[in-house]
Amino acid sequence: MTPLATLHHSTLAYPVLSLIIFLPVIGAVLLALIKDEEQSRWFSLIILTLTFFFSLPLVGRFQTNVLGFQFVENHAWITGYGLSYLLGVDGISLPLVLLTTFLGPVTVLCSWRYITHRVRECMACLLLTQGILTGVFVALDMVLFYFFWEAMLVPMFLLIAIWGGPRRKYAAIKFVLYTLAGSIFLLLAIVGLYVQAGSFSYPVMLGLHLSPGWQFWIFISLLIGFAVKIPMVPLHTWLPAAHVEAPTAGSVILASVLLKMGTYGLLRFNLTLTPAASVGLAPYIMVFSVIAILYGGLLSLAQNDIKKLIAYSSVSHMGFVTLGISVLNMQGFQGAMLQMINHGLTTGGLFLLAGMLYERTHSRELSVNAGLGRLMPGFVFFLGLYSLSSLAFPGTASFVGEFLCLTGAFQHSMRLGAWVIPGALIAAAYMFRMFLTVTWGKGGDSKQARDINLREWASLLPPALLVILFGFYPAPILKMMNPVLDAIIKRLPAEKSMDIATLITHSIHGFLN
Amino acid sequence: MLDEQVIKNMHRTFALPLLRSFARVANWNDQRVVDGVVDNSAQAVLSLGDHMRVFMQPGILSRYIARTLTVLAGIALLALYLR
């Protein structure tokens, strides 16, 4: 058995992973008993804060020098089909689990006054989303993973369709249809892997040595499923619609955690289960990543809607993540993982700020919000910090991730690195445009200016502190993920063993025979 | 000092408008072409479904009977052929 697939049972007395999945889910059910809106807000905040605190022992007890999955929970589910309730975390899933639990209370805080009708139901959706998203990152059985992957659509659909903007139904349906279309390919890949492995267990699948033909098709199917979620250009058009229409909490969840499901899937499943195909097809992902970085940046620059601007910037930033993954070297992988975490914190923060502006002016247009920042010093402090982090300014979290992605790209080839550089410059252009307009622009409705209150400080400050902390000291995350990333690299063939033409020929032969 | 002014003017006259033009073209392409394909495909499926509904459920009894008889005749012919 490969060391990556080793299962280490929990050193804690209680099933910590099940607890952080099901505590919010049970909380969502218990909300049915609470009639008062204010109480339901407090209840949700307490549940999600407790969930975050329950997830902290994962950091304390996590052994960074041990390969394989830790805190494993394994129970038979449907034995006839090799299904099991198998949960565990390793160095690449743990940071994402912590990001999810960390942002949970923030989503409740930002909905406190933003959501004014059906508050209890909204809180239930937030709690459900939290539990399900955690499940995605800890599930080690492919059917369980797929269950969480799909289940997430339900509360997200409701969040957009009920508490969203004027075109909420269009955005919600587009989001669900797009994601479902991608998920069909994911399901196909899972079935294909089951046929080969005879089990749905991911650790069992890690022992597979698939033929090049199988690898090719499974890689492509997984890639389509994940590319929709990331989203990679040209499968990205659901994202701006969903972001613009979603309530602030929905946008924060989408940008901070949901998009990471796709890149997590690429790193976790594509690279480990189909290593030869990964090496063969990586150049194509590089091309799409560069397109996403430049095209997403340009799109962001053209927007006058603040949320749309941030949404398109996510397309560009996630391009850096896929670029880091596709260069298949240690710097690229580290950069991709850090960029996932940092983008979650930074873009989440920017969406919080966009929501706060909307609560004051009831508009997301740059022209309406122009110059408001002059009267809101606290707001501008956070806008400045998160904008700097978004454009990867040294000393902020995103800088480290983006720098490592770029180093990985340059290490792969100088030409690839050179293509990406303009993306970083465009990021500066669109972020400064937004920051300068909101802070010193003219023509905005200054009567609506009201600086951020204590609750808003409470939601903005924790991610901001992490943005600064990881900007100067990313070592704890790197230490956590390095052994796994190193093991993934070791699984990859040293050289491109097959080119794309051979892979396709092999797969056609496989079908015919 | 002069050089600084020249660079500033060049930046304002050429670089920024060029970048903005690229951004506008990209935005047009994204809304009309990339998203256009998605929205038009969805519209086509909706329209096809609507046509199918009208075709399958015309609400006219004689058409239902004619179609039922056609299907039955088809089954009978198939059965004869298979024998």
# chains A, B, ... in the order shown; residues from 1 in each chain; ligands from 1
call {"tool": "select_by_dssp", "arguments": {"residues": "stretch 164-395 of chain A", "states": "helix (DSSP H, G or I)", "output": "PyMOL selection string"}}
result
chain A and resi 168-197+202-205+212-229+238-245+248-273+275-301+306-326+330-361+372-375+377-390
call {"tool": "residues_around", "arguments": {"residues": "stretch 246-255 of chain A", "least_positions_apart": "6", "cutoff": "10 Å", "atoms": "only C-alpha atoms", "output": "ChimeraX atom specification"}}
result
/A:100,103-104,106-112,114-115,122,125-126,129-130,133,155-168,171-172,229-230,239-240,307,310-311,314-315,318,343-356,358-359
call {"tool": "residues_around", "arguments": {"residues": "A:Val368", "least_positions_apart": "4", "cutoff": "9 Å", "atoms": "only C-alpha atoms", "output": "VMD selection string"}}
result
chain A and resid 361 363 to 364 372 438 443 to 445
call {"tool": "select_by_dssp", "arguments": {"residues": "stretch 16-207 of chain A", "states": "strand (DSSP E)", "output": "MDAnalysis selection string"}}
result
chainID A and resid 69:78 83:89
call {"tool": "write_last_selection", "arguments": {"atoms": "N, CA and C atoms", "output": "PDB file, in the first residue's frame"}}
result
ATOM      1  N   PHE A  69      -3.742   9.397   5.913  1.00  0.00           N
ATOM      2  CA  PHE A  69      -4.887  10.119   6.476  1.00  0.00           C
ATOM      3  C   PHE A  69      -4.941   9.945   7.990  1.00  0.00           C
ATOM      4  N   GLN A  70      -5.254  11.026   8.660  1.00  0.00           N
ATOM      5  CA  GLN A  70      -5.331  11.008  10.125  1.00  0.00           C
ATOM      6  C   GLN A  70      -6.769  11.280  10.577  1.00  0.00           C
ATOM      7  N   PHE A  71      -7.034  10.986  11.847  1.00  0.00           N
ATOM      8  CA  PHE A  71      -8.371  11.134  12.453  1.00  0.00           C
ATOM      9  C   PHE A  71      -9.406  10.313  11.671  1.00  0.00           C
ATOM     10  N   VAL A  72      -8.962   9.156  11.198  1.00  0.00           N
ATOM     11  CA  VAL A  72      -9.817   8.352  10.306  1.00  0.00           C
ATOM     12  C   VAL A  72     -11.003   7.756  11.066  1.00  0.00           C
ATOM     13  N   GLU A  73     -12.161   7.824  10.427  1.00  0.00           N
ATOM     14  CA  GLU A  73     -13.376   7.159  10.922  1.00  0.00           C
ATOM     15  C   GLU A  73     -13.832   6.242   9.810  1.00  0.00           C
ATOM     16  N   ASN A  74     -13.937   4.962  10.107  1.00  0.00           N
ATOM     17  CA  ASN A  74     -14.285   3.994   9.069  1.00  0.00           C
ATOM     18  C   ASN A  74     -15.403   3.085   9.564  1.00  0.00           C
ATOM     19  N   HIS A  75     -16.552   3.172   8.933  1.00  0.00           N
ATOM     20  CA  HIS A  75     -17.674   2.311   9.292  1.00  0.00           C
ATOM     21  C   HIS A  75     -18.279   1.763   8.017  1.00  0.00           C
ATOM     22  N   ALA A  76     -18.686   0.487   8.075  1.00  0.00           N
ATOM     23  CA  ALA A  76     -19.315  -0.121   6.893  1.00  0.00           C
ATOM     24  C   ALA A  76     -20.623   0.613   6.603  1.00  0.00           C
ATOM     25  N   TRP A  77     -20.913   0.785   5.338  1.00  0.00           N
ATOM     26  CA  TRP A  77     -22.141   1.494   4.951  1.00  0.00           C
ATOM     27  C   TRP A  77     -23.013   0.527   4.138  1.00  0.00           C
ATOM     28  N   ILE A  78     -22.670   0.291   2.884  1.00  0.00           N
ATOM     29  CA  ILE A  78     -23.380  -0.727   2.104  1.00  0.00           C
ATOM     30  C   ILE A  78     -22.307  -1.707   1.653  1.00  0.00           C
ATOM     31  N   LEU A  83     -19.190   0.151  -0.158  1.00  0.00           N
ATOM     32  CA  LEU A  83     -19.365   1.530   0.304  1.00  0.00           C
ATOM     33  C   LEU A  83     -19.084   1.616   1.791  1.00  0.00           C
ATOM     34  N   SER A  84     -18.393   2.660   2.176  1.00  0.00           N
ATOM     35  CA  SER A  84     -18.142   2.826   3.612  1.00  0.00           C
ATOM     36  C   SER A  84     -18.210   4.300   3.991  1.00  0.00           C
ATOM     37  N   TYR A  85     -18.492   4.503   5.271  1.00  0.00           N
ATOM     38  CA  TYR A  85     -18.472   5.872   5.805  1.00  0.00           C
ATOM     39  C   TYR A  85     -17.027   6.114   6.239  1.00  0.00           C
ATOM     40  N   LEU A  86     -16.214   6.561   5.278  1.00  0.00           N
ATOM     41  CA  LEU A  86     -14.773   6.682   5.507  1.00  0.00           C
ATOM     42  C   LEU A  86     -14.370   8.156   5.455  1.00  0.00           C
ATOM     43  N   LEU A  87     -13.927   8.641   6.612  1.00  0.00           N
ATOM     44  CA  LEU A  87     -13.510  10.044   6.702  1.00  0.00           C
ATOM     45  C   LEU A  87     -12.052  10.115   7.169  1.00  0.00           C
ATOM     46  N   GLY A  88     -11.370  11.156   6.751  1.00  0.00           N
ATOM     47  CA  GLY A  88      -9.987  11.363   7.198  1.00  0.00           C
ATOM     48  C   GLY A  88      -9.449  12.656   6.614  1.00  0.00           C
ATOM     49  N   VAL A  89      -8.393  13.156   7.230  1.00  0.00           N
ATOM     50  CA  VAL A  89      -7.762  14.376   6.686  1.00  0.00           C
ATOM     51  C   VAL A  89      -6.264  14.151   6.522  1.00  0.00           C
TER      52      VAL A  89
END
call {"tool": "interface_residues", "arguments": {"of": "chain A", "to": "chain B", "cutoff": "8 Å", "atoms": "only C-alpha atoms", "output": "list in words"}}
result
Pro234, Thr237, Tyr295, Leu298, Leu299, Ser300, Leu301 and Ala302 of chain A
call {"tool": "closest_residue", "arguments": {"among": "A:Leu460, A:Leu17, A:Leu140, A:Gly68", "to": "A:Leu383", "atoms": "only C-alpha atoms"}}
result
A:Leu460
call {"tool": "residues_around", "arguments": {"residues": "stretch 178-185 of chain A", "least_positions_apart": "4", "cutoff": "12 Å", "atoms": "only C-alpha atoms", "output": "number ranges by chain"}}
result
A: 145-154, 156-157, 170-174, 189-192, 217-232, 234-239, 241-242, 258-259, 261-262; B: 35, 38-39, 41-42
